[in-house]
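Have a look at protein-v3.tsv; it's TSV, C-alpha atoms (C1' of nucleotides):
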chain	number	residue	atom	x	y	z
A	346	MET	CA	-13.58	9.46	-8.43
A	347	VAL	CA	-14.82	8.75	-4.95
A	348	SER	CA	-18.20	7.12	-4.91
A	349	ARG	CA	-19.71	7.72	-1.47
A	350	THR	CA	-18.46	9.02	1.84
A	351	ASN	CA	-17.46	6.43	4.40
A	352	THR	CA	-17.59	3.68	1.81
A	353	PHE	CA	-14.44	1.70	1.13
A	354	ILE	CA	-13.75	-0.89	-1.55
A	355	GLY	CA	-10.67	-2.43	-3.12
A	356	GLU	CA	-7.48	-3.87	-1.70
A	357	TYR	CA	-3.96	-2.55	-1.20
A	358	HIS	CA	-0.70	-4.30	-0.54
A	359	TYR	CA	1.24	-2.11	1.89
A	360	SER	CA	3.77	-2.49	4.67
A	361	ILE	CA	4.06	-1.77	8.36
A	362	ASP	CA	7.13	0.23	9.22
A	363	SER	CA	9.40	-0.21	12.23
A	364	LYS	CA	7.20	2.14	14.24
A	365	GLY	CA	4.07	0.10	13.69
A	366	ARG	CA	2.42	2.49	11.28
A	367	ILE	CA	0.42	1.68	8.17
A	368	ASN	CA	-0.69	3.95	5.39
A	369	ILE	CA	-4.39	4.59	4.90
A	370	PRO	CA	-4.88	4.36	1.12
A	371	ALA	CA	-5.37	7.80	-0.39
A	372	LYS	CA	-8.75	6.84	-1.83
A	373	PHE	CA	-9.94	5.83	1.63
A	374	ARG	CA	-8.79	9.11	3.12
A	375	GLN	CA	-10.70	10.96	0.46
A	376	ALA	CA	-13.79	8.88	1.15
A	377	LEU	CA	-13.68	9.65	4.87
A	378	SER	CA	-16.46	12.01	5.89
A	379	PRO	CA	-15.35	15.55	6.81
A	380	ASP	CA	-17.24	15.15	10.07
A	381	SER	CA	-14.84	12.44	11.13
A	382	ASP	CA	-12.07	15.05	10.97
A	383	GLY	CA	-9.31	12.70	9.84
A	384	THR	CA	-10.10	10.32	12.65
A	385	PHE	CA	-10.49	6.55	12.52
A	386	VAL	CA	-11.29	4.11	15.30
A	387	ILE	CA	-9.04	1.06	15.26
A	388	THR	CA	-10.31	-2.10	16.89
A	389	ARG	CA	-10.31	-5.86	16.79
A	390	GLY	CA	-12.04	-7.60	13.91
A	391	LEU	CA	-14.27	-10.63	14.22
A	392	ASP	CA	-11.85	-12.53	11.99
A	393	GLN	CA	-8.13	-12.53	12.66
A	394	CYS	CA	-7.67	-9.00	11.39
A	395	VAL	CA	-7.87	-5.37	12.49
A	396	TRP	CA	-10.93	-3.26	11.77
A	397	ILE	CA	-10.70	0.47	11.14
A	398	TYR	CA	-13.90	2.54	11.28
A	399	PRO	CA	-14.51	6.15	10.35
A	400	LEU	CA	-15.18	7.98	13.61
A	401	GLU	CA	-18.69	8.79	12.49
A	402	GLU	CA	-19.51	5.17	11.71
A	403	TRP	CA	-18.02	4.00	15.01
A	404	GLU	CA	-20.26	6.35	16.94
A	405	ARG	CA	-23.24	4.76	15.26
A	406	ILE	CA	-22.02	1.36	16.44
A	407	GLU	CA	-21.60	2.67	19.98
A	408	ASP	CA	-25.20	3.79	19.90
A	409	ASN	CA	-26.32	0.34	18.83
A	410	LEU	CA	-24.27	-1.33	21.54
A	411	ARG	CA	-25.94	0.84	24.16
A	412	SER	CA	-29.26	-0.77	23.31
A	413	PHE	CA	-28.07	-4.00	24.88
A	414	THR	CA	-29.24	-4.69	28.41
A	415	PHE	CA	-25.99	-6.07	29.88
A	416	LEU	CA	-28.12	-8.70	31.60
A	417	ARG	CA	-26.82	-11.79	29.83
A	418	PRO	CA	-23.14	-12.70	30.31
A	419	LYS	CA	-22.74	-13.42	26.60
A	420	GLU	CA	-23.94	-9.96	25.77
A	421	ARG	CA	-21.41	-8.44	28.11
A	422	ASP	CA	-18.63	-10.58	26.64
A	423	PHE	CA	-19.58	-9.58	23.15
A	424	ILE	CA	-19.64	-5.89	23.90
A	425	ARG	CA	-16.42	-6.06	25.85
A	426	GLN	CA	-14.72	-7.84	22.97
A	427	ILE	CA	-15.65	-5.09	20.57
A	428	VAL	CA	-15.04	-2.09	22.78
A	429	ARG	CA	-11.96	-2.91	24.80
A	430	HIS	CA	-9.54	-2.66	21.88
A	431	ALA	CA	-11.04	0.41	20.27
A	432	THR	CA	-8.67	3.34	19.86
A	433	PRO	CA	-9.45	6.61	18.05
A	434	THR	CA	-6.53	7.82	15.96
A	435	LYS	CA	-5.95	10.72	13.61
A	436	TYR	CA	-3.79	9.97	10.61
A	437	ASP	CA	-0.58	12.01	10.32
A	438	LYS	CA	0.46	14.38	7.52
A	439	GLN	CA	1.65	11.40	5.48
A	440	GLY	CA	-1.71	9.64	5.87
A	441	ARG	CA	-0.59	6.95	8.34
A	442	VAL	CA	-2.05	5.59	11.56
A	443	MET	CA	-0.35	3.63	14.32
A	444	ILE	CA	-1.67	0.15	15.01
A	445	PRO	CA	-1.58	-0.63	18.76
A	446	ALA	CA	0.85	-3.45	19.62
A	447	THR	CA	-1.93	-5.61	21.06
A	448	LEU	CA	-3.81	-5.57	17.79
A	449	GLN	CA	-0.64	-6.21	15.79
A	450	ASN	CA	-0.21	-9.38	17.81
A	451	ILE	CA	-3.80	-10.49	17.48
A	452	ALA	CA	-3.75	-10.07	13.71
A	453	ALA	CA	-0.17	-11.34	13.41
A	454	LEU	CA	0.98	-8.29	11.50
A	455	ASP	CA	4.71	-8.09	10.90
A	456	ASP	CA	6.01	-6.37	7.80
A	457	GLU	CA	3.52	-6.83	4.97
A	458	VAL	CA	-0.18	-6.09	5.27
A	459	LEU	CA	-3.19	-6.38	3.03
A	460	ILE	CA	-5.69	-3.57	3.42
A	461	ILE	CA	-9.21	-4.31	2.28
A	462	GLY	CA	-12.12	-1.93	1.91
A	463	MET	CA	-15.21	-3.60	3.38
A	464	LEU	CA	-17.89	-0.99	2.66
A	465	ASN	CA	-18.41	0.66	6.06
A	466	LYS	CA	-14.99	-0.32	7.47
A	467	ILE	CA	-11.41	-1.12	6.55
A	468	GLU	CA	-9.72	-4.44	7.29
A	469	VAL	CA	-6.01	-5.02	7.85
A	470	TRP	CA	-4.73	-8.54	7.31
A	471	ASN	CA	-1.55	-10.50	7.29
A	472	PRO	CA	-1.50	-11.58	3.62
A	473	ASN	CA	-0.57	-15.17	4.48
A	474	ILE	CA	-3.48	-15.58	6.84
A	475	ILE	CA	-6.09	-14.37	4.41
A	476	ASP	CA	-4.58	-16.42	1.59
A	477	ASP	CA	-4.86	-19.54	3.71
A	478	ARG	CA	-8.39	-18.64	4.62
A	479	TYR	CA	-9.52	-18.44	1.03
A	480	ASP	CA	-7.37	-21.31	-0.23
A	481	SER	CA	-8.36	-23.88	2.31
A	482	PHE	CA	-10.93	-23.62	4.99
A	483	LEU	CA	-13.32	-21.11	3.55
A	484	ASP	CA	-16.63	-22.53	4.65
A	485	LEU	CA	-18.34	-20.91	1.74
A	486	THR	CA	-19.69	-23.67	-0.49
A	487	ASP	CA	-20.61	-23.23	-4.13
A	488	GLU	CA	-24.25	-23.34	-3.14
A	489	ASP	CA	-23.75	-20.59	-0.57
A	490	TYR	CA	-21.92	-18.55	-3.10
A	491	GLU	CA	-24.56	-18.91	-5.76
A	492	SER	CA	-27.40	-18.07	-3.42
A	493	PHE	CA	-25.60	-15.01	-2.07
A	494	ALA	CA	-24.67	-13.91	-5.57
A	495	ALA	CA	-28.29	-14.25	-6.63
A	496	GLN	CA	-29.27	-11.87	-3.84
A	497	ILE	CA	-27.03	-9.08	-4.99
A	498	LYS	CA	-27.73	-9.50	-8.71
A	499	LEU	CA	-24.19	-9.13	-10.05
B	301	MET	CA	-27.06	6.53	-31.48
B	302	VAL	CA	-27.38	5.34	-27.91
B	303	SER	CA	-29.95	2.72	-27.10
B	304	ARG	CA	-30.35	2.86	-23.31
B	305	THR	CA	-28.20	4.25	-20.55
B	306	ASN	CA	-25.96	1.77	-18.77
B	307	THR	CA	-26.68	-0.91	-21.33
B	308	PHE	CA	-23.78	-2.37	-23.28
B	309	ILE	CA	-23.79	-4.79	-26.21
B	310	GLY	CA	-21.33	-5.77	-28.93
B	311	GLU	CA	-17.64	-6.59	-28.87
B	312	TYR	CA	-14.42	-4.71	-29.60
B	313	HIS	CA	-10.90	-5.88	-30.29
B	314	TYR	CA	-8.53	-3.43	-28.58
B	315	SER	CA	-5.13	-3.42	-26.92
B	316	ILE	CA	-3.60	-2.73	-23.52
B	317	ASP	CA	-0.75	-0.23	-23.64
B	318	SER	CA	2.49	-0.33	-21.71
B	319	LYS	CA	0.88	1.54	-18.83
B	320	GLY	CA	-1.89	-1.01	-18.40
B	321	ARG	CA	-4.64	1.13	-19.87
B	322	ILE	CA	-7.50	0.06	-22.10
B	323	ASN	CA	-9.87	2.17	-24.11
B	324	ILE	CA	-13.54	2.18	-23.22
B	325	PRO	CA	-15.34	1.94	-26.59
B	326	ALA	CA	-16.90	5.26	-27.52
B	327	LYS	CA	-20.36	3.75	-27.70
B	328	PHE	CA	-20.02	2.49	-24.15
B	329	ARG	CA	-18.89	5.89	-22.92
B	330	GLN	CA	-21.92	7.45	-24.53
B	331	ALA	CA	-24.17	4.86	-22.93
B	332	LEU	CA	-22.79	5.59	-19.46
B	333	SER	CA	-25.31	7.45	-17.31
B	334	PRO	CA	-24.46	11.12	-16.59
B	335	ASP	CA	-24.95	10.35	-12.89
B	336	SER	CA	-21.94	8.06	-13.00
B	337	ASP	CA	-19.84	11.10	-13.91
B	338	GLY	CA	-17.43	9.27	-16.20
B	339	THR	CA	-16.73	6.71	-13.50
B	340	PHE	CA	-16.61	2.94	-13.82
B	341	VAL	CA	-15.93	0.34	-11.15
B	342	ILE	CA	-13.43	-2.26	-12.29
B	343	THR	CA	-13.56	-5.62	-10.56
B	344	ARG	CA	-13.02	-9.33	-10.90
B	345	GLY	CA	-15.44	-11.34	-13.00
B	346	LEU	CA	-16.88	-14.69	-12.04
B	347	ASP	CA	-15.20	-16.14	-15.14
B	348	GLN	CA	-11.54	-15.51	-15.90
B	349	CYS	CA	-12.13	-11.94	-17.02
B	350	VAL	CA	-12.47	-8.40	-15.71
B	351	TRP	CA	-15.85	-6.79	-15.10
B	352	ILE	CA	-16.44	-3.07	-15.51
B	353	TYR	CA	-19.61	-1.58	-14.02
B	354	PRO	CA	-21.04	1.91	-14.39
B	355	LEU	CA	-20.67	3.57	-11.01
B	356	GLU	CA	-24.43	3.81	-10.67
B	357	GLU	CA	-24.90	0.08	-11.30
B	358	TRP	CA	-22.13	-0.80	-8.86
B	359	GLU	CA	-23.77	1.26	-6.15
B	360	ARG	CA	-26.89	-0.82	-6.58
B	361	ILE	CA	-24.80	-3.92	-5.90
B	362	GLU	CA	-23.23	-2.23	-2.89
B	363	ASP	CA	-26.66	-1.50	-1.51
B	364	ASN	CA	-27.58	-5.15	-1.83
B	365	LEU	CA	-24.37	-6.19	-0.10
B	366	ARG	CA	-25.14	-3.92	2.81
B	367	SER	CA	-28.20	-5.99	3.60
B	368	PHE	CA	-25.88	-8.81	4.69
B	369	THR	CA	-24.79	-8.99	8.30
B	370	PHE	CA	-21.17	-8.87	9.37
B	371	LEU	CA	-21.96	-11.15	12.30
B	372	ARG	CA	-22.07	-14.29	10.17
B	373	PRO	CA	-18.65	-15.48	8.94
B	374	LYS	CA	-20.01	-16.78	5.66
B	375	GLU	CA	-21.51	-13.45	4.81
B	376	ARG	CA	-18.31	-11.62	5.70
B	377	ASP	CA	-16.33	-13.95	3.46
B	378	PHE	CA	-18.71	-13.37	0.62
B	379	ILE	CA	-18.73	-9.59	0.89
B	380	ARG	CA	-14.95	-9.58	1.06
B	381	GLN	CA	-14.68	-11.74	-2.03
B	382	ILE	CA	-16.86	-9.36	-4.03
B	383	VAL	CA	-15.51	-6.00	-2.92
B	384	ARG	CA	-11.82	-6.60	-2.49
B	385	HIS	CA	-11.00	-6.38	-6.17
B	386	ALA	CA	-13.26	-3.43	-6.95
B	387	THR	CA	-11.73	-0.06	-7.88
B	388	PRO	CA	-13.60	3.07	-8.98
B	389	THR	CA	-11.88	4.81	-11.89
B	390	LYS	CA	-12.68	7.80	-14.03
B	391	TYR	CA	-11.71	7.47	-17.66
B	392	ASP	CA	-9.17	10.03	-18.90
B	393	LYS	CA	-9.61	12.62	-21.66
B	394	GLN	CA	-8.80	9.92	-24.20
B	395	GLY	CA	-11.46	7.61	-22.79
B	396	ARG	CA	-9.15	5.09	-21.15
B	397	VAL	CA	-9.08	3.42	-17.74
B	398	MET	CA	-6.20	1.72	-15.96
B	399	ILE	CA	-6.63	-1.95	-15.14
B	400	PRO	CA	-5.03	-2.77	-11.76
B	401	ALA	CA	-2.07	-5.15	-12.03
B	402	THR	CA	-3.80	-7.77	-9.87
B	403	LEU	CA	-6.71	-7.99	-12.27
B	404	GLN	CA	-4.43	-8.08	-15.31
B	405	ASN	CA	-2.85	-11.17	-13.80
B	406	ILE	CA	-6.10	-12.84	-12.88
B	407	ALA	CA	-7.54	-12.36	-16.36
B	408	ALA	CA	-4.17	-12.99	-18.04
B	409	LEU	CA	-4.30	-9.76	-20.01
B	410	ASP	CA	-1.12	-8.92	-21.91
B	411	ASP	CA	-1.35	-6.95	-25.15
B	412	GLU	CA	-4.62	-7.78	-26.91
B	413	VAL	CA	-7.99	-7.67	-25.22
B	414	LEU	CA	-11.53	-8.44	-26.22
B	415	ILE	CA	-14.10	-6.08	-24.77
B	416	ILE	CA	-17.63	-7.42	-24.61
B	417	GLY	CA	-20.80	-5.59	-23.73
B	418	MET	CA	-22.79	-7.73	-21.28
B	419	LEU	CA	-25.92	-5.61	-20.80
B	420	ASN	CA	-25.41	-4.11	-17.33
B	421	LYS	CA	-21.61	-4.47	-17.36
B	422	ILE	CA	-18.55	-4.68	-19.63
B	423	GLU	CA	-16.26	-7.70	-19.79
B	424	VAL	CA	-12.57	-7.66	-20.66
B	425	TRP	CA	-11.05	-10.94	-21.88
B	426	ASN	CA	-7.82	-12.31	-23.15
B	427	PRO	CA	-8.97	-13.35	-26.66
B	428	ASN	CA	-7.22	-16.72	-26.45
B	429	ILE	CA	-8.94	-17.67	-23.24
B	430	ILE	CA	-12.41	-16.93	-24.46
B	431	ASP	CA	-11.72	-18.72	-27.75
B	432	ASP	CA	-10.71	-21.86	-25.92
B	433	ARG	CA	-13.80	-21.58	-23.81
B	434	TYR	CA	-16.11	-21.56	-26.79
B	435	ASP	CA	-14.16	-24.12	-28.79
B	436	SER	CA	-14.98	-26.70	-26.21
B	437	PHE	CA	-18.31	-24.97	-26.39
B	438	LEU	CA	-19.06	-24.77	-22.79
B	439	ASP	CA	-20.96	-27.62	-21.42
B	440	LEU	CA	-24.37	-26.41	-22.39
B	441	THR	CA	-26.67	-29.37	-22.52
B	442	ASP	CA	-30.11	-29.64	-24.06
B	443	GLU	CA	-31.53	-29.53	-20.56
B	444	ASP	CA	-29.77	-26.24	-19.97
B	445	TYR	CA	-31.31	-24.78	-23.08
B	446	GLU	CA	-34.70	-26.05	-21.97
B	447	SER	CA	-34.39	-24.24	-18.65
B	448	PHE	CA	-33.30	-21.03	-20.36
B	449	ALA	CA	-36.16	-21.31	-22.81
B	450	ALA	CA	-38.54	-20.90	-19.92
B	451	GLN	CA	-37.05	-17.51	-19.14
B	452	ILE	CA	-36.58	-16.00	-22.57
B	453	LYS	CA	-38.28	-16.06	-25.96
B	454	LEU	CA	-35.60	-15.53	-28.58
C	1346	DT	C1'	-15.11	14.39	-53.09
C	1347	DA	C1'	-12.99	17.35	-49.88
C	1348	DT	C1'	-13.08	18.74	-45.22
C	1349	DA	C1'	-14.02	18.34	-40.48
C	1350	DA	C1'	-14.78	15.68	-36.44
C	1351	DT	C1'	-14.19	11.56	-33.86
C	1352	DT	C1'	-11.71	7.48	-32.31
C	1353	DG	C1'	-7.99	4.55	-30.82
C	1354	DT	C1'	-3.01	4.72	-29.54
C	1355	DG	C1'	1.63	6.42	-27.88
C	1356	DG	C1'	4.27	8.82	-24.82
C	1357	DG	C1'	6.25	13.10	-21.88
C	1358	DT	C1'	5.80	15.46	-17.52
C	1359	DA	C1'	4.30	17.29	-13.28
C	1360	DA	C1'	1.74	16.04	-9.21
C	1361	DC	C1'	0.94	12.76	-5.84
C	1362	DA	C1'	1.18	8.59	-3.10
C	1363	DG	C1'	3.82	5.38	-0.25
C	1364	DT	C1'	7.94	4.81	2.55
C	1365	DG	C1'	11.97	5.78	5.65
C	1366	DG	C1'	13.81	8.05	9.24
C	1367	DG	C1'	15.34	12.28	12.36
C	1368	DT	C1'	13.90	15.20	16.12
C	1369	DA	C1'	10.91	17.32	19.51
C	1370	DA	C1'	7.15	16.60	22.69
C	1371	DT	C1'	4.78	13.71	25.63
C	1372	DT	C1'	4.24	9.95	28.70
C	1373	DA	C1'	5.92	6.39	31.63
C	1374	DT	C1'	9.33	4.46	34.99
C	1375	DC	C1'	12.35	4.41	38.69
D	1084	DG	C1'	12.31	14.93	39.82
D	1085	DA	C1'	15.52	12.73	36.50
D	1086	DT	C1'	15.83	9.47	33.05
D	1087	DA	C1'	14.10	6.30	29.64
D	1088	DA	C1'	10.63	5.05	26.39
D	1089	DT	C1'	7.07	6.08	23.54
D	1090	DT	C1'	4.45	8.94	20.53
D	1091	DA	C1'	3.67	12.85	17.43
D	1092	DC	C1'	5.42	15.97	14.00
D	1093	DC	C1'	8.27	17.10	10.21
D	1094	DC	C1'	11.47	16.70	6.12
D	1095	DA	C1'	13.14	14.02	2.24
D	1096	DC	C1'	13.31	10.41	-1.35
D	1097	DT	C1'	11.34	7.34	-5.02
D	1098	DG	C1'	8.10	5.21	-7.98
D	1099	DT	C1'	3.56	5.52	-9.70
D	1100	DT	C1'	-0.32	7.85	-11.49
D	1101	DA	C1'	-3.02	11.42	-13.62
D	1102	DC	C1'	-3.04	14.89	-16.88
D	1103	DC	C1'	-1.81	16.71	-21.15
D	1104	DC	C1'	-0.31	17.07	-26.06
D	1105	DA	C1'	0.24	14.76	-30.39
D	1106	DC	C1'	-0.71	11.71	-34.30
D	1107	DA	C1'	-2.77	8.28	-37.50
D	1108	DA	C1'	-6.89	6.13	-38.97
D	1109	DT	C1'	-11.55	6.07	-39.44
D	1110	DT	C1'	-16.12	8.04	-39.74
D	1111	DA	C1'	-19.25	11.80	-40.41
D	1112	DT	C1'	-20.52	16.13	-42.79
D	1113	DA	C1'	-20.92	19.62	-46.33
What's the structure tokens form of this structure?
Amino acid sequence: MVSRTNTFIGEYHYSIDSKGRINIPAKFRQALSPDSDGTFVITRGLDQCVWIYPLEEWERIEDNLRSFTFLRPKERDFIRQIVRHATPTKYDKQGRVMIPATLQNIAALDDEVLIIGMLNKIEVWNPNIIDDRYDSFLDLTDEDYESFAAQIKL
Amino acid sequence: MVSRTNTFIGEYHYSIDSKGRINIPAKFRQALSPDSDGTFVITRGLDQCVWIYPLEEWERIEDNLRSFTFLRPKERDFIRQIVRHATPTKYDKQGRVMIPATLQNIAALDDEVLIIGMLNKIEVWNPNIIDDRYDSFLDLTDEDYESFAAQIKL
DNA sequence: TATAATTGTGGGTAACAGTGGGTAATTATC
DNA sequence: GATAATTACCCACTGTTACCCACAATTATA
């Protein structure tokens, strides 16, 4: 049923309720490592979406970020961007987590959300935004696509 | 009478039932590697059809995808495009799997389906669509055949 | 040829997943 | 310190899904 721990694939069309909560898909909860103890870290994505990491995976990222020197301003900006919005959250008995208001604004989440498993993390999108992205300005050309596809041997 | 594990050839004319389930041909179930534990990963094909991978084969693809970096937008877009439609599913005691509604729409599956073994994966088609495709018999030119001939000796 | 096993198909039912909302506990504000 | 706002916890409802039993048709076996 579940392939690997802390690996998420597939997409789910859910909703945010009036309290700003979204459901973590059952399959994702089952995939979460026991070490993470029901805890995810919610933060800002690099695209206009919210990223949700298993606690364990987030700690690995923290370790990597520590290897930066903080000497160059761009490095500091980058790290700050990633870290400042990060919030650890345990999901409740119904399997939901609360998305901080700041992140709801950034990702323009109102009532409907699209939840996408992205291997080591989970993405939360406004469906309209991601539709637009793939309909229009996806900068992925056919050549890009073919060369990427060749690399993974579909 | 199994040739090799995780290798599928031949075609089958089956049906989708009212619950959106299709039968995995018995020969294909027997070919599935024991490691996959009765689990397939159902996803979107590059043509207008559904692809079904043995879990083990899908994990190989996942591993390849993990070599991409999430820092480059193009690579994020590509990973997302591949994984968002993928769903791991165990077949039931009758040997059936459920095809997610999204994929039924994409591949225009209603009542009849054509199941085709494509070596490392299984394809599910609407029979009409694949007929049309081969009526206009693709656009395979002599040059195409020449380039294939370099790779294979029939 | 008769019998048994397997295969594809249909459908009932109990468990579970997603959603809404009430109330207590915690935190923030004045 | 009192009040308001927010967050966490719990109960309840509904639709979907997973599991199970059954049957007809085909294939394999004796």
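Residues from chain A found within 10 Å of chain D are Lys364, Asp437, Lys438, Gln439 and Met443 of chain A, counting all atoms listed in the file.
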Least-squares Cα fit of chain A to chain B, output as a compact mmCIF listing (two decimals) with C-alpha atoms, keeping the file's coordinate frame:
# COMPACT_ATOMS: atom_id res chain seq x y z
CA MET A 346 -28.27 4.98 -31.53
CA VAL A 347 -27.86 4.23 -27.87
CA SER A 348 -30.67 2.17 -26.47
CA ARG A 349 -30.69 2.69 -22.70
CA THR A 350 -28.38 4.26 -20.18
CA ASN A 351 -26.07 1.93 -18.32
CA THR A 352 -26.88 -0.91 -20.68
CA PHE A 353 -24.05 -2.47 -22.64
CA ILE A 354 -24.18 -5.04 -25.43
CA GLY A 355 -21.84 -6.22 -28.16
CA GLU A 356 -18.18 -7.16 -28.22
CA TYR A 357 -14.99 -5.37 -29.19
CA HIS A 358 -11.54 -6.64 -29.97
CA TYR A 359 -9.09 -4.12 -28.51
CA SER A 360 -5.61 -4.06 -27.03
CA ILE A 361 -3.93 -3.17 -23.78
CA ASP A 362 -1.08 -0.75 -24.22
CA SER A 363 2.26 -0.77 -22.42
CA LYS A 364 0.79 1.33 -19.63
CA GLY A 365 -1.98 -1.13 -18.89
CA ARG A 366 -4.79 0.93 -20.35
CA ILE A 367 -7.76 -0.25 -22.37
CA ASN A 368 -10.22 1.75 -24.39
CA ILE A 369 -13.84 1.87 -23.30
CA PRO A 370 -15.81 1.44 -26.54
CA ALA A 371 -17.34 4.72 -27.64
CA LYS A 372 -20.85 3.27 -27.58
CA PHE A 373 -20.36 2.24 -23.96
CA ARG A 374 -19.15 5.69 -23.00
CA GLN A 375 -22.22 7.17 -24.60
CA ALA A 376 -24.44 4.72 -22.74
CA LEU A 377 -22.91 5.64 -19.38
CA SER A 378 -25.32 7.64 -17.25
CA PRO A 379 -24.42 11.33 -16.79
CA ASP A 380 -24.73 10.80 -13.05
CA SER A 381 -21.76 8.48 -13.14
CA ASP A 382 -19.69 11.42 -14.37
CA GLY A 383 -17.35 9.42 -16.59
CA THR A 384 -16.57 7.06 -13.76
CA PHE A 385 -16.46 3.27 -13.80
CA VAL A 386 -15.71 0.85 -10.99
CA ILE A 387 -13.28 -1.87 -12.02
CA THR A 388 -13.32 -5.11 -10.08
CA ARG A 389 -12.85 -8.84 -10.26
CA GLY A 390 -15.35 -10.90 -12.20
CA LEU A 391 -16.82 -14.18 -11.07
CA ASP A 392 -15.30 -15.82 -14.14
CA GLN A 393 -11.67 -15.30 -15.06
CA CYS A 394 -12.26 -11.79 -16.33
CA VAL A 395 -12.49 -8.18 -15.17
CA TRP A 396 -15.83 -6.53 -14.52
CA ILE A 397 -16.39 -2.83 -15.10
CA TYR A 398 -19.50 -1.20 -13.61
CA PRO A 399 -20.92 2.26 -14.12
CA LEU A 400 -20.44 4.10 -10.84
CA GLU A 401 -24.17 4.40 -10.39
CA GLU A 402 -24.74 0.67 -10.84
CA TRP A 403 -21.87 -0.17 -8.48
CA GLU A 404 -23.42 1.93 -5.74
CA ARG A 405 -26.58 -0.10 -6.08
CA ILE A 406 -24.53 -3.26 -5.58
CA GLU A 407 -22.87 -1.78 -2.50
CA ASP A 408 -26.30 -1.15 -1.07
CA ASN A 409 -27.28 -4.76 -1.65
CA LEU A 410 -24.09 -6.04 -0.07
CA ARG A 411 -24.81 -4.02 3.05
CA SER A 412 -27.93 -6.09 3.62
CA PHE A 413 -25.77 -9.07 4.48
CA THR A 414 -25.27 -9.78 8.16
CA PHE A 415 -21.55 -10.66 8.13
CA LEU A 416 -22.40 -13.48 10.52
CA ARG A 417 -21.54 -16.44 8.30
CA PRO A 418 -17.90 -16.83 7.20
CA LYS A 419 -18.97 -17.62 3.64
CA GLU A 420 -20.87 -14.39 3.46
CA ARG A 421 -17.83 -12.46 4.58
CA ASP A 422 -15.64 -14.26 2.04
CA PHE A 423 -18.07 -13.52 -0.72
CA ILE A 424 -18.32 -9.85 0.07
CA ARG A 425 -14.59 -9.52 0.51
CA GLN A 426 -14.00 -11.16 -2.85
CA ILE A 427 -16.21 -8.65 -4.59
CA VAL A 428 -15.16 -5.51 -2.77
CA ARG A 429 -11.44 -5.84 -2.22
CA HIS A 430 -10.49 -5.38 -5.87
CA ALA A 431 -12.93 -2.60 -6.65
CA THR A 432 -11.36 0.61 -7.94
CA PRO A 433 -13.26 3.68 -9.19
CA THR A 434 -11.65 5.19 -12.27
CA LYS A 435 -12.49 8.05 -14.59
CA TYR A 436 -11.68 7.49 -18.23
CA ASP A 437 -9.19 9.92 -19.77
CA LYS A 438 -9.73 12.31 -22.70
CA GLN A 439 -9.09 9.44 -25.11
CA GLY A 440 -11.72 7.26 -23.41
CA ARG A 441 -9.32 4.84 -21.68
CA VAL A 442 -9.12 3.42 -18.18
CA MET A 443 -6.19 1.80 -16.41
CA ILE A 444 -6.62 -1.79 -15.31
CA PRO A 445 -4.88 -2.42 -11.95
CA ALA A 446 -1.96 -4.85 -12.24
CA THR A 447 -3.57 -7.31 -9.82
CA LEU A 448 -6.62 -7.64 -12.02
CA GLN A 449 -4.50 -7.93 -15.17
CA ASN A 450 -2.85 -10.94 -13.58
CA ILE A 451 -6.06 -12.53 -12.42
CA ALA A 452 -7.63 -12.24 -15.86
CA ALA A 453 -4.35 -13.03 -17.64
CA LEU A 454 -4.52 -9.93 -19.79
CA ASP A 455 -1.44 -9.25 -21.87
CA ASP A 456 -1.78 -7.49 -25.19
CA GLU A 457 -5.12 -8.38 -26.75
CA VAL A 458 -8.43 -8.13 -24.93
CA LEU A 459 -12.03 -8.90 -25.74
CA ILE A 460 -14.50 -6.44 -24.29
CA ILE A 461 -18.04 -7.69 -23.89
CA GLY A 462 -21.14 -5.73 -22.97
CA MET A 463 -23.09 -7.74 -20.39
CA LEU A 464 -26.16 -5.54 -19.89
CA ASN A 465 -25.45 -3.85 -16.54
CA LYS A 466 -21.66 -4.32 -16.69
CA ILE A 467 -18.70 -4.66 -19.02
CA GLU A 468 -16.42 -7.70 -19.12
CA VAL A 469 -12.77 -7.76 -20.15
CA TRP A 470 -11.36 -11.09 -21.25
CA ASN A 471 -8.23 -12.61 -22.63
CA PRO A 472 -9.55 -13.81 -26.01
CA ASN A 473 -7.87 -17.21 -25.69
CA ILE A 474 -9.46 -17.91 -22.35
CA ILE A 475 -12.98 -17.15 -23.46
CA ASP A 476 -12.50 -19.09 -26.70
CA ASP A 477 -11.45 -22.13 -24.72
CA ARG A 478 -14.38 -21.68 -22.41
CA TYR A 479 -16.91 -21.77 -25.21
CA ASP A 480 -15.09 -24.37 -27.31
CA SER A 481 -14.59 -26.95 -24.64
CA PHE A 482 -15.84 -26.94 -21.14
CA LEU A 483 -18.93 -24.83 -21.41
CA ASP A 484 -21.26 -26.63 -19.07
CA LEU A 485 -24.22 -25.36 -20.98
CA THR A 486 -25.98 -28.36 -22.51
CA ASP A 487 -28.37 -28.18 -25.43
CA GLU A 488 -31.22 -28.74 -23.03
CA ASP A 489 -30.09 -25.85 -20.84
CA TYR A 490 -29.76 -23.68 -23.85
CA GLU A 491 -33.19 -24.49 -25.19
CA SER A 492 -34.90 -23.95 -21.87
CA PHE A 493 -33.14 -20.63 -21.32
CA ALA A 494 -33.89 -19.55 -24.86
CA ALA A 495 -37.54 -20.40 -24.34
CA GLN A 496 -37.60 -18.08 -21.34
CA ILE A 497 -36.44 -15.06 -23.26
CA LYS A 498 -38.54 -15.70 -26.36
CA LEU A 499 -35.96 -14.91 -29.04
Taking all atoms listed in the file into account, produce a table as a Markdown table in which each residue of chain C with an atom at most 9 Å from an atom of chain B appears once, together with its shortest atom pair and the distance in Å to one decimal, ordered by chain and rising number.
| residue | atom | partner | partner_atom | distance |
| --- | --- | --- | --- | --- |
| C:DT1352 | C1' | B:Ala326 | CA | 7.4 |
| C:DG1353 | C1' | B:Asn323 | CA | 7.4 |
| C:DT1354 | C1' | B:Asp317 | CA | 8.0 |
| C:DG1355 | C1' | B:Asp317 | CA | 8.2 |
